[in-house]
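Trainee: Here you go, upload_24.cif (mmCIF, C-alpha atoms):
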```
data_start
loop_
_atom_site.label_atom_id
_atom_site.label_comp_id
_atom_site.auth_asym_id
_atom_site.auth_seq_id
_atom_site.Cartn_x
_atom_site.Cartn_y
_atom_site.Cartn_z
CA MET A 1 189.91 -161.78 18.12
CA LEU A 2 192.72 -159.24 18.34
CA LEU A 3 195.06 -161.30 16.17
CA LEU A 4 192.43 -161.95 13.49
CA SER A 5 191.16 -158.36 13.46
CA LEU A 6 194.50 -156.57 13.32
CA SER A 7 196.10 -159.04 10.88
CA THR A 8 193.11 -158.74 8.51
CA ILE A 9 193.20 -154.94 8.59
CA LEU A 10 196.97 -154.63 8.12
CA GLY A 11 196.99 -157.41 5.52
CA LYS A 12 194.48 -155.53 3.36
CA LEU A 13 196.31 -152.23 3.82
CA PHE A 14 199.58 -153.76 2.61
CA GLU A 15 197.83 -155.50 -0.27
CA ARG A 16 196.52 -152.12 -1.46
CA ILE A 17 200.06 -150.76 -1.79
CA GLY A 18 201.17 -153.79 -3.80
CA VAL A 19 202.79 -155.82 -0.99
CA THR A 20 201.83 -159.37 -0.09
CA GLU A 21 199.25 -159.56 2.70
CA ILE A 22 201.43 -161.72 4.93
CA VAL A 23 203.72 -158.75 5.63
CA GLY A 24 200.84 -156.93 7.34
CA GLN A 25 199.72 -160.13 9.07
CA ILE A 26 203.19 -160.81 10.49
CA ILE A 27 203.55 -157.19 11.61
CA ALA A 28 200.17 -157.48 13.37
CA GLY A 29 201.53 -160.32 15.47
CA MET A 30 204.77 -158.45 16.10
CA ILE A 31 202.83 -155.39 17.35
CA LEU A 32 200.76 -157.49 19.77
CA SER A 33 203.75 -159.64 20.82
CA PRO A 34 205.60 -159.50 24.16
CA ALA A 35 208.49 -157.73 22.38
CA ILE A 36 206.37 -154.64 21.60
CA LEU A 37 202.93 -154.10 23.21
CA GLY A 38 202.78 -157.39 25.14
CA ILE A 39 199.01 -157.73 24.67
CA VAL A 40 199.03 -161.34 23.37
CA GLN A 41 201.32 -164.03 24.73
CA PRO A 42 202.38 -167.15 22.77
CA SER A 43 200.65 -170.22 24.22
CA SER A 44 200.05 -173.93 23.61
CA VAL A 45 196.49 -173.11 22.48
CA LEU A 46 197.75 -170.71 19.79
CA SER A 47 200.40 -173.25 18.77
CA GLY A 48 197.66 -175.84 18.30
CA ILE A 49 195.66 -173.46 16.12
CA ALA A 50 198.81 -172.75 14.09
CA GLU A 51 199.36 -176.50 13.53
CA VAL A 52 195.85 -176.87 12.10
CA ALA A 53 196.32 -173.73 10.02
CA ILE A 54 199.59 -175.06 8.53
CA PHE A 55 197.76 -178.20 7.40
CA PHE A 56 195.02 -176.30 5.56
CA ILE A 57 197.40 -173.72 4.09
CA LEU A 58 199.68 -176.45 2.68
CA LEU A 59 196.69 -178.40 1.39
CA PHE A 60 195.51 -175.31 -0.47
CA ILE A 61 199.01 -174.68 -1.88
CA GLY A 62 199.02 -178.30 -3.08
CA LEU A 63 195.74 -177.73 -4.91
CA GLN A 64 197.53 -175.11 -7.03
CA ILE A 65 200.28 -177.56 -8.02
CA THR A 66 200.03 -180.32 -10.60
CA THR A 67 202.66 -182.93 -11.42
CA GLU A 68 201.92 -182.29 -15.09
CA VAL A 69 203.20 -178.69 -14.97
CA LEU A 70 206.39 -179.85 -13.26
CA THR A 71 207.18 -182.86 -15.45
CA ASN A 72 206.40 -181.05 -18.73
CA HIS A 73 208.83 -178.22 -17.94
CA LEU A 74 211.50 -180.11 -16.03
CA LYS A 75 214.47 -178.43 -17.74
CA SER A 76 213.20 -174.90 -17.06
CA ALA A 77 212.19 -175.89 -13.52
CA THR A 78 215.72 -177.12 -12.79
CA SER A 79 217.28 -173.90 -14.15
CA PHE A 80 215.02 -171.63 -12.09
CA THR A 81 215.45 -173.80 -8.98
CA PHE A 82 219.22 -173.38 -9.12
CA SER A 83 219.15 -169.65 -9.93
CA SER A 84 216.44 -168.57 -7.49
CA PHE A 85 217.11 -171.03 -4.66
CA VAL A 86 219.95 -173.56 -4.65
CA ILE A 87 222.90 -171.27 -5.42
CA PRO A 88 221.94 -168.24 -3.26
CA VAL A 89 220.80 -170.46 -0.38
CA THR A 90 224.04 -172.44 -0.51
CA ILE A 91 226.05 -169.21 -0.28
CA MET A 92 223.87 -167.96 2.60
CA ALA A 93 224.26 -171.26 4.46
CA LEU A 94 228.05 -171.28 4.02
CA ILE A 95 228.32 -167.72 5.36
CA ALA A 96 226.01 -168.55 8.27
CA VAL A 97 228.09 -171.59 9.25
CA PHE A 98 231.66 -170.43 8.55
CA VAL A 99 231.44 -166.66 9.09
CA PHE A 100 228.78 -166.39 11.81
CA HIS A 101 229.51 -169.84 13.30
CA LEU A 102 225.93 -171.11 13.39
CA GLY A 103 225.24 -174.82 13.59
CA VAL A 104 224.91 -176.56 10.23
CA ALA A 105 221.21 -177.36 10.62
CA ALA A 106 220.38 -173.89 11.96
CA GLY A 107 222.36 -172.13 9.22
CA VAL A 108 220.88 -174.22 6.42
CA ILE A 109 217.27 -173.91 7.58
CA THR A 110 217.58 -170.14 8.16
CA ALA A 111 218.99 -169.74 4.64
CA VAL A 112 216.27 -171.96 3.16
CA ALA A 113 213.47 -170.11 4.97
CA ILE A 114 214.69 -166.71 3.75
CA GLY A 115 215.64 -167.87 0.26
CA VAL A 116 212.66 -170.00 -0.78
CA PRO A 117 210.14 -168.44 -3.21
CA SER A 118 206.45 -169.07 -2.46
CA ILE A 119 204.19 -170.80 -4.98
CA SER A 120 201.12 -168.96 -3.74
CA ILE A 121 202.24 -165.37 -4.24
CA ILE A 122 204.05 -166.22 -7.48
CA SER A 123 200.95 -167.91 -8.86
CA VAL A 124 199.10 -164.64 -8.16
CA LEU A 125 201.69 -162.63 -10.09
CA VAL A 126 201.61 -165.07 -13.00
CA TYR A 127 197.83 -164.76 -13.01
CA ARG A 128 197.99 -160.96 -13.02
CA TYR A 129 200.28 -161.06 -16.02
CA ALA A 130 197.65 -163.21 -17.81
CA MET A 131 200.34 -165.89 -18.17
CA ILE A 132 198.68 -168.70 -16.27
CA ASN A 133 198.01 -170.65 -19.50
CA LEU A 134 201.14 -169.55 -21.38
CA GLU A 135 204.44 -171.41 -21.56
CA ASP A 136 206.37 -168.65 -19.74
CA GLY A 137 203.96 -168.80 -16.82
CA LYS A 138 204.17 -172.58 -16.66
CA ARG A 139 207.97 -172.46 -16.74
CA ILE A 140 208.02 -170.07 -13.79
CA LEU A 141 205.48 -172.11 -11.82
CA SER A 142 207.31 -175.37 -12.53
CA GLY A 143 210.51 -173.89 -11.11
CA VAL A 144 208.77 -172.67 -7.95
CA ILE A 145 206.99 -176.02 -7.50
CA MET A 146 210.32 -177.85 -7.62
CA THR A 147 211.89 -175.27 -5.30
CA ASP A 148 209.15 -175.46 -2.66
CA ILE A 149 209.20 -179.26 -2.64
CA LEU A 150 213.00 -179.22 -2.32
CA ALA A 151 212.76 -176.74 0.59
CA PHE A 152 210.42 -179.05 2.50
CA VAL A 153 212.68 -182.00 1.74
CA VAL A 154 215.60 -180.07 3.27
CA LEU A 155 213.44 -179.35 6.34
CA ALA A 156 212.57 -183.04 6.65
CA ALA A 157 216.26 -183.93 6.45
CA ALA A 158 217.12 -181.35 9.13
CA LEU A 159 214.41 -182.68 11.45
CA LYS A 160 215.92 -186.17 11.16
CA ALA A 161 219.59 -185.26 10.66
CA SER A 162 220.77 -188.43 12.43
CA HIS A 163 218.91 -190.56 9.87
CA LEU A 164 219.62 -188.39 6.83
CA ALA A 165 220.19 -191.20 4.32
CA GLY A 166 217.01 -192.99 5.37
CA VAL A 167 214.96 -189.80 5.14
CA ILE A 168 216.25 -188.97 1.65
CA ILE A 169 215.57 -192.51 0.41
CA SER A 170 212.09 -192.44 1.98
CA ILE A 171 211.28 -189.12 0.30
CA ILE A 172 212.47 -190.36 -3.10
CA VAL A 173 210.40 -193.54 -2.76
CA PHE A 174 207.37 -191.56 -1.61
CA ILE A 175 207.59 -189.06 -4.47
CA ALA A 176 207.91 -191.95 -6.93
CA ALA A 177 204.83 -193.55 -5.37
CA LEU A 178 202.99 -190.22 -5.56
CA LEU A 179 203.76 -189.89 -9.27
CA TYR A 180 202.59 -193.47 -9.80
CA VAL A 181 199.31 -192.79 -7.95
CA ASP A 182 198.83 -189.59 -9.94
CA ARG A 183 199.43 -191.46 -13.20
CA THR A 184 196.99 -194.20 -12.16
CA LEU A 185 194.31 -191.64 -11.30
CA ARG A 186 194.82 -189.99 -14.67
CA TYR A 187 194.54 -193.38 -16.42
CA HIS A 188 191.21 -194.05 -14.67
CA ASP A 189 190.19 -190.40 -14.80
CA ALA A 190 186.71 -191.05 -16.24
CA LYS A 191 185.71 -193.30 -13.31
CA VAL A 192 187.26 -191.10 -10.61
CA ARG A 193 185.92 -187.90 -12.12
CA GLY A 194 182.49 -189.49 -12.59
CA PHE A 195 182.31 -190.43 -8.91
CA PHE A 196 183.08 -186.89 -7.73
CA GLU A 197 180.77 -185.32 -10.28
CA ARG A 198 177.91 -187.54 -9.10
CA MET A 199 178.62 -186.54 -5.49
CA ILE A 200 178.57 -182.86 -6.41
CA LYS A 201 175.39 -183.29 -8.45
CA ALA A 202 173.75 -185.00 -5.46
CA LYS A 203 174.63 -182.00 -3.27
CA GLU A 204 177.08 -184.07 -1.21
CA GLU A 205 179.85 -181.48 -1.14
CA ALA A 206 180.44 -182.23 2.54
CA VAL A 207 181.33 -185.83 1.68
CA VAL A 208 183.69 -184.68 -1.06
CA PHE A 209 185.49 -182.36 1.37
CA ALA A 210 185.66 -185.12 3.97
CA ILE A 211 187.24 -187.48 1.42
CA ILE A 212 189.88 -184.92 0.45
CA ILE A 213 190.73 -184.07 4.07
CA ILE A 214 190.85 -187.75 5.10
CA LEU A 215 193.13 -188.50 2.12
CA SER A 216 195.39 -185.65 3.19
CA LEU A 217 195.49 -186.85 6.80
CA ILE A 218 196.33 -190.39 5.71
CA ILE A 219 199.23 -189.22 3.55
CA ALA A 220 200.41 -186.89 6.35
CA ALA A 221 200.27 -189.77 8.84
CA ILE A 222 202.27 -192.04 6.52
CA LEU A 223 204.97 -189.40 6.14
CA GLN A 224 205.05 -188.82 9.89
CA LEU A 225 205.42 -192.55 10.54
CA ILE A 226 208.39 -192.91 8.19
CA GLY A 227 210.11 -189.94 9.82
CA ILE A 228 209.21 -187.09 7.45
CA THR A 229 207.38 -183.93 8.50
CA TYR A 230 203.61 -184.27 8.20
CA VAL A 231 203.17 -180.99 6.32
CA LEU A 232 204.48 -182.60 3.16
CA GLY A 233 201.47 -184.93 3.33
CA ALA A 234 199.02 -182.06 2.98
CA LEU A 235 201.07 -180.57 0.14
CA PHE A 236 201.31 -183.86 -1.77
CA ALA A 237 197.67 -184.71 -1.18
CA GLY A 238 196.64 -181.41 -2.72
CA MET A 239 198.76 -182.20 -5.78
CA LEU A 240 196.61 -185.28 -6.48
CA VAL A 241 193.46 -183.16 -6.67
CA HIS A 242 193.07 -181.41 -10.03
CA LYS A 243 190.57 -181.15 -12.86
CA THR A 244 191.89 -184.25 -14.62
CA THR A 245 191.24 -186.49 -11.62
CA VAL A 246 188.17 -185.00 -9.92
CA GLY A 247 186.73 -182.78 -12.66
CA SER A 248 186.77 -179.03 -13.28
CA LYS A 249 183.63 -178.28 -11.26
CA THR A 250 184.81 -180.24 -8.20
CA THR A 251 188.26 -178.63 -8.37
CA ARG A 252 186.72 -175.17 -8.60
CA ILE A 253 184.45 -175.81 -5.61
CA LEU A 254 187.34 -177.19 -3.53
CA GLU A 255 189.67 -174.32 -4.39
CA ASN A 256 187.04 -171.63 -3.75
CA THR A 257 186.02 -173.10 -0.39
CA PHE A 258 189.56 -173.69 0.86
CA ARG A 259 190.52 -170.21 -0.36
CA ARG A 260 187.73 -168.63 1.69
CA LEU A 261 188.67 -170.65 4.77
CA ASN A 262 192.32 -169.71 4.42
CA ASP A 263 191.74 -166.06 3.48
CA SER A 264 189.28 -165.38 6.27
CA PHE A 265 190.86 -167.33 9.12
CA PHE A 266 193.79 -169.73 8.76
CA ILE A 267 196.19 -167.42 6.90
CA PRO A 268 195.73 -164.22 8.94
CA VAL A 269 195.69 -166.16 12.20
CA PHE A 270 198.74 -168.30 11.34
CA PHE A 271 200.96 -165.43 10.25
CA SER A 272 199.91 -163.20 13.13
CA ILE A 273 200.71 -166.07 15.52
CA ALA A 274 204.05 -166.39 13.73
CA GLY A 275 204.72 -162.72 14.49
CA LEU A 276 204.18 -163.27 18.23
CA ASP A 277 207.61 -164.93 18.51
CA PHE A 278 209.36 -161.80 17.26
CA ALA A 279 212.33 -160.65 19.33
CA VAL A 280 214.51 -157.59 18.76
CA PRO A 281 217.68 -159.00 17.16
CA SER A 282 221.14 -158.31 18.55
CA LEU A 283 223.91 -156.77 16.43
CA THR A 284 225.24 -160.18 15.40
CA TYR A 285 221.85 -161.38 14.20
CA THR A 286 221.28 -158.06 12.45
CA GLU A 287 224.48 -158.72 10.48
CA ILE A 288 223.19 -162.21 9.61
CA LEU A 289 219.90 -160.69 8.49
CA VAL A 290 221.52 -158.07 6.27
CA SER A 291 223.94 -160.53 4.65
CA MET A 292 221.20 -163.07 3.86
CA VAL A 293 218.79 -160.48 2.47
CA VAL A 294 221.52 -158.97 0.26
CA ILE A 295 222.61 -162.39 -1.04
CA SER A 296 219.06 -163.50 -1.70
CA ALA A 297 218.20 -160.28 -3.53
CA VAL A 298 221.45 -159.61 -5.38
CA VAL A 299 222.82 -163.08 -6.14
CA GLY A 300 219.42 -164.65 -6.71
CA GLY A 301 218.24 -161.63 -8.72
CA THR A 302 221.32 -161.61 -10.95
CA LEU A 303 221.09 -165.33 -11.68
CA ASN A 304 217.34 -165.09 -12.35
CA TYR A 305 218.03 -162.24 -14.78
CA PHE A 306 220.30 -164.35 -16.98
CA VAL A 307 218.21 -167.51 -16.74
CA SER A 308 215.05 -165.56 -17.62
CA LYS A 309 216.70 -164.10 -20.73
CA ASN A 310 217.18 -167.64 -22.04
CA ARG A 311 213.96 -169.23 -20.77
CA LEU A 312 211.27 -166.52 -20.98
CA SER A 313 210.02 -164.51 -23.93
CA ARG A 314 206.85 -162.71 -22.81
CA ILE A 315 208.05 -160.69 -19.81
CA SER A 316 211.19 -158.70 -19.14
CA SER A 317 214.08 -160.10 -17.12
CA LYS A 318 213.63 -157.25 -14.62
CA GLU A 319 210.04 -158.24 -13.89
CA SER A 320 210.97 -161.92 -13.74
CA ILE A 321 213.36 -161.02 -10.89
CA GLY A 322 210.44 -159.42 -9.03
CA ILE A 323 208.28 -162.51 -9.55
CA LEU A 324 210.88 -165.13 -8.62
CA GLY A 325 212.17 -163.04 -5.72
CA SER A 326 208.78 -162.99 -4.00
CA ARG A 327 208.68 -164.48 -0.51
CA GLY A 328 205.74 -165.71 1.55
CA ALA A 329 204.08 -168.64 3.24
CA VAL A 330 206.56 -171.43 2.55
CA GLY A 331 209.54 -169.80 4.25
CA ILE A 332 207.55 -168.80 7.34
CA ILE A 333 206.05 -172.29 7.66
CA ILE A 334 209.51 -173.86 7.43
CA ALA A 335 210.87 -171.44 10.05
CA THR A 336 207.89 -172.08 12.36
CA LEU A 337 208.35 -175.85 12.22
CA ALA A 338 212.09 -175.47 12.73
CA LEU A 339 211.51 -173.24 15.77
CA GLN A 340 209.04 -175.73 17.25
CA SER A 341 211.59 -178.52 16.76
CA GLY A 342 214.43 -176.55 18.33
CA ILE A 343 216.52 -176.38 15.13
CA ILE A 344 216.62 -172.58 15.15
CA SER A 345 216.45 -170.08 17.99
CA ILE A 346 214.03 -167.20 18.49
CA SER A 347 216.72 -164.84 17.20
CA LEU A 348 217.14 -166.78 13.94
CA TYR A 349 213.37 -167.05 13.64
CA THR A 350 213.22 -163.25 13.89
CA VAL A 351 215.86 -163.05 11.14
CA VAL A 352 213.52 -165.06 8.88
CA LEU A 353 210.47 -162.94 9.77
CA VAL A 354 212.21 -159.62 9.15
CA GLY A 355 214.02 -160.95 6.08
CA THR A 356 210.72 -162.05 4.56
CA ILE A 357 209.21 -158.63 5.25
CA ILE A 358 212.17 -156.78 3.70
CA LEU A 359 212.25 -158.93 0.55
CA SER A 360 208.47 -158.67 0.23
CA LEU A 361 208.79 -154.87 0.29
CA ILE A 362 211.73 -154.68 -2.13
CA MET A 363 210.84 -157.18 -4.86
CA PRO A 364 207.43 -155.74 -5.87
CA LEU A 365 209.24 -152.50 -6.85
CA LEU A 366 210.65 -154.37 -9.87
CA LEU A 367 207.17 -155.25 -11.12
CA SER A 368 204.91 -153.22 -13.34
CA LYS A 369 201.93 -151.44 -11.84
CA LYS A 370 199.68 -154.05 -13.48
CA ALA A 371 201.32 -156.87 -11.56
CA ARG A 372 201.17 -155.02 -8.24
CA THR A 373 197.49 -154.14 -8.52
CA PRO A 374 195.37 -156.71 -6.62
CA LYS A 375 192.61 -158.54 -8.47
CA LYS A 376 189.49 -159.52 -6.59
CA ASP A 377 189.38 -162.95 -8.22
CA ALA A 378 193.08 -163.72 -7.90
CA VAL A 379 194.28 -166.63 -5.82
CA VAL A 380 195.46 -165.85 -2.31
CA ALA A 381 198.83 -164.11 -2.05
CA MET A 382 200.68 -165.98 0.63
#
```
Please express the file's structure as C-alpha cells.
Mentor:
Amino acid sequence: MLLLSLSTILGKLFERIGVTEIVGQIIAGMILSPAILGIVQPSSVLSGIAEVAIFFILLFIGLQITTEVLTNHLKSATSFTFSSFVIPVTIMALIAVFVFHLGVAAGVITAVAIGVPSISIISVLVYRYAMINLEDGKRILSGVIMTDILAFVVLAAALKASHLAGVIISIIVFIAALLYVDRTLRYHDAKVRGFFERMIKAKEEAVVFAIIIILSLIIAAILQLIGITYVLGALFAGMLVHKTTVGSKTTRILENTFRRLNDSFFIPVFFSIAGLDFAVPSLTYTEILVSMVVISAVVGGTLNYFVSKNRLSRISSKESIGILGSRGAVGIIIATLALQSGIISISLYTVVLVGTIILSLIMPLLLSKKARTPKKDAVVAM
C-alpha cells in the first residue's frame, strides 16, 4: 500500500514537471528503503511481485514494437544504435573495467543499464511530436527497438557467460524463427485476424487475453530452457501482436487494458520495489556514476547530434538528443535482473538507479515545451 501510494503520487508530480514518471516511482522506493526511512524492507514476496511485474511490463513494451518498423528502417536503426548506445556504452564499459577495475560482466552490464534508451518513453515523445506515422518518427523508433533488443541480448550473454557462443547462436536462431513466425502470421493475416475479431465480437475478451499471455509464457519458457533470460520471451511475444496479425480493434483493446494494468499497478510497484535496494554510494562508486553519466550524455549526445543531422528532417538535432537520451524501464529491468543474478552489487545497482534519475532530469531540458507536456492519451512513459 505504501509503495503503490507514494510511487503513484511522486510519479504524477514528476510527470507534471516534464520528467518521466519512473523517476518519482524510484525515489518513492528509495525514501521508504532501509537506506533512508527504513519503513519497507526488501523481501522474497516483493521480489516475486517484481518478477510478475517485469513480465507484464516487457509484454506491453513488445506490443509497441513491430518487426516491420525495424526491418523497413534498418540502416537508420543501425546508425542510431551505434550513436546512442554501442559507442558510449563501450567507452563506459572500458573505463569501468580498466580504470575502476570492475569485473568484465559487472562493468558491461552497468554501462548497458545506464546507457540504454527506453522504447516506452521515446515512443511517448515521438507521439507528442505528432511523428508516430512520419518517417523521422519511425527511424527513431527503429533505432531504439534495435538498441533495446541488443541490450537484452547482452544481458542474456552475461547471465550465461560460460556458454557465450551457445547463447549468441541460440538468440540468432530464435530471432530468425521469430521473424519467420511473424512473416507467416502476416501471410495468413486474414484467417488469424478473423479468429480474433470473432472472439472480440462474441465478447470473449478474456479468452483473447488468455491466449496472448499463454503465448508469451510459452515463448518465455522456451528461452529459459535454452539458457536465455525469460524476459525476452515476453518482449518477443508482444512483437507478434499487432494490427496486421490480430486486427486493429483487438490490438487497441489489448494495448489499452495492458496499459491500465501497468499504469495503475505493475509499473509503480516495480520501480518503487527497485528503489528499495538503494544504498548510499561510496566515493569510488560516485566517481563511476559521474563518469558514466557524463559519457552517456556528452558522447552519446554528440554522436546523436551528427547522426540526426543526416537522418532526420522534421525535428532539430538538439531535440533529437533529448529524445534519444531518454532513459527508463529497460535499463532498470536489466539492472534488477543482473542484481538478482549476482552479476552486479548493490553499489553498482545504486549507480544505475541514480544515473537513470540524473539523465531523466537532464535530457528533457533539451526538448521543447510541447514535448515535455504530458498528454492524457499518450502511451505510458516508462
Trainee: Which residues, written as a ChimeraX atom specification, have at least one atom at most 8 Å from Phe266 of chain A, with all atoms listed in the file counted and residues fewer than 3 positions away on the same chain left out?
Mentor: /A:50,53-54,56-57,261-263,269-270
Trainee: Evaluate the PyMOL selection byres ((chain A and resi 205) around 12) on the structure here and hand back the selected residues as a list of chain:residue names.
Mentor: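 After applying the PyMOL selection byres ((chain A and resi 205) around 12), what remains is A:Phe196, A:Glu197, A:Arg198, A:Met199, A:Ile200, A:Lys201, A:Ala202, A:Lys203, A:Glu204, A:Ala206, A:Val207, A:Val208, A:Phe209, A:Ala210, A:Ile211, A:Ile212, A:Lys249, A:Thr250, A:Thr251, A:Arg252, A:Ile253, A:Leu254, A:Thr257.
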Trainee: Might you pull out every residue within 7 Å of segment 73-76 of chain A, with all atoms listed in the file counted and same-chain residues fewer than 4 positions away left off, and present them as a list in words?
Mentor: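 Surrounding residues, per the criterion: Val69, Phe80, Arg139, Ser142, Gly143 and Arg311 of chain A.
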Trainee: With C-alpha atoms retained, export the selected residues as an mmCIF file, in the coordinates of the input.
Mentor:
```cif
data_model
loop_
_atom_site.group_PDB
_atom_site.id
_atom_site.type_symbol
_atom_site.label_atom_id
_atom_site.label_comp_id
_atom_site.auth_asym_id
_atom_site.auth_seq_id
_atom_site.Cartn_x
_atom_site.Cartn_y
_atom_site.Cartn_z
ATOM 1 C CA VAL A 69 203.200 -178.690 -14.970
ATOM 2 C CA PHE A 80 215.020 -171.630 -12.090
ATOM 3 C CA ARG A 139 207.970 -172.460 -16.740
ATOM 4 C CA SER A 142 207.310 -175.370 -12.530
ATOM 5 C CA GLY A 143 210.510 -173.890 -11.110
ATOM 6 C CA ARG A 311 213.960 -169.230 -20.770
#
```
Trainee: For a quick check of understanding, using only C-alpha atoms, which of A:Ile222, A:Leu366, A:Val280, A:Ile9 has the smallest distance to Tyr305 of chain A?
Mentor: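 Among the listed residues, A:Leu366 lies closest to Tyr305 of chain A.
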Trainee: Which residues would end up in the selection if the PyMOL selection byres ((chain A and resi 310) around 12) were applied here, given that I need the answer as JSON, numbers by chain?
Mentor: {"A": [75, 76, 79, 80, 136, 139, 303, 304, 305, 306, 307, 308, 309, 311, 312, 313, 314, 315, 316, 317, 320]}
Trainee: What separation in Å, quoted to one decimal, exists between atom CA of Met1 of chain A and atom CA of Ser360 of chain A?
Mentor: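 Straight-line distance from atom CA of Met1 of chain A to atom CA of Ser360 of chain A works out to 26.0 Å.
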Trainee: Exactly which residues make up the result of the PyMOL selection byres ((chain A and resi 88) around 9) on this file, given as a list in words?
Mentor: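 Given this file, the PyMOL selection byres ((chain A and resi 88) around 9) evaluates to Phe82, Ser83, Ser84, Phe85, Val86, Ile87, Val89, Thr90, Ile91, Met92, Ala93, Ala111, Gly115, Met292, Ile295, Ser296, Ala297, Val298, Val299, Gly300 and Leu303 of chain A.
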Trainee: Hey, which of A:Ala335, A:Leu223, A:Leu235, A:Ile140 ends up closest to Ile122 of chain A? Count only C-alpha atoms.
Mentor: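 The shortest atom-to-atom distance to Ile122 of chain A comes from A:Ile140.
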Trainee: Considering only C-alpha atoms, state which residue in the set A:Ser272, A:Ser291, A:Thr67, A:Thr110 is at the smallest distance from Gly331 of chain A.
Mentor: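 Once distances to Gly331 of chain A are computed over only C-alpha atoms, the minimum belongs to A:Thr110.
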Trainee: Starting from 6 Å padding per side, set up an axis-aligned box that covers all listed atoms of segment 107-126 of chain A and hand over centre and edge lengths in Å, one decimal, as lines of an AutoDock Vina configuration file.
Mentor:
```
center_x = 210.7
center_y = -168.4
center_z = -1.9
size_x = 35.3
size_y = 23.6
size_z = 34.2
```
Trainee: Could you model N, CA and C atoms for segment 284-300 of chain A and present them as a compact mmCIF listing (two decimals), keeping the file's coordinate frame?
Mentor:
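So the final result, stored in rebuild-v1.txt, reads:
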```
# COMPACT_ATOMS: atom_id res chain seq x y z
N THR A 284 224.77 -159.03 16.17
CA THR A 284 225.24 -160.18 15.40
C THR A 284 224.15 -160.71 14.48
N TYR A 285 222.94 -160.85 15.01
CA TYR A 285 221.85 -161.38 14.20
C TYR A 285 221.37 -160.35 13.17
N THR A 286 221.58 -159.08 13.45
CA THR A 286 221.28 -158.06 12.45
C THR A 286 222.24 -158.19 11.27
N GLU A 287 223.50 -158.50 11.55
CA GLU A 287 224.48 -158.72 10.48
C GLU A 287 224.11 -159.95 9.66
N ILE A 288 223.64 -161.01 10.33
CA ILE A 288 223.19 -162.21 9.61
C ILE A 288 222.02 -161.86 8.71
N LEU A 289 221.08 -161.10 9.25
CA LEU A 289 219.90 -160.69 8.49
C LEU A 289 220.29 -159.91 7.24
N VAL A 290 221.14 -158.91 7.39
CA VAL A 290 221.52 -158.07 6.27
C VAL A 290 222.24 -158.88 5.20
N SER A 291 223.17 -159.74 5.62
CA SER A 291 223.94 -160.53 4.65
C SER A 291 223.04 -161.48 3.87
N MET A 292 222.08 -162.12 4.54
CA MET A 292 221.20 -163.07 3.86
C MET A 292 220.23 -162.36 2.92
N VAL A 293 219.71 -161.22 3.34
CA VAL A 293 218.79 -160.48 2.47
C VAL A 293 219.53 -159.99 1.23
N VAL A 294 220.75 -159.48 1.40
CA VAL A 294 221.52 -158.97 0.26
C VAL A 294 221.86 -160.11 -0.71
N ILE A 295 222.27 -161.25 -0.18
CA ILE A 295 222.61 -162.39 -1.04
C ILE A 295 221.39 -162.89 -1.79
N SER A 296 220.29 -163.02 -1.07
CA SER A 296 219.06 -163.50 -1.70
C SER A 296 218.62 -162.57 -2.81
N ALA A 297 218.68 -161.25 -2.55
CA ALA A 297 218.20 -160.28 -3.53
C ALA A 297 219.18 -160.10 -4.68
N VAL A 298 220.46 -159.94 -4.36
CA VAL A 298 221.45 -159.61 -5.38
C VAL A 298 221.90 -160.84 -6.17
N VAL A 299 222.34 -161.87 -5.45
CA VAL A 299 222.82 -163.08 -6.14
C VAL A 299 221.66 -163.78 -6.85
N GLY A 300 220.57 -164.00 -6.10
CA GLY A 300 219.42 -164.65 -6.71
C GLY A 300 218.85 -163.83 -7.86
```
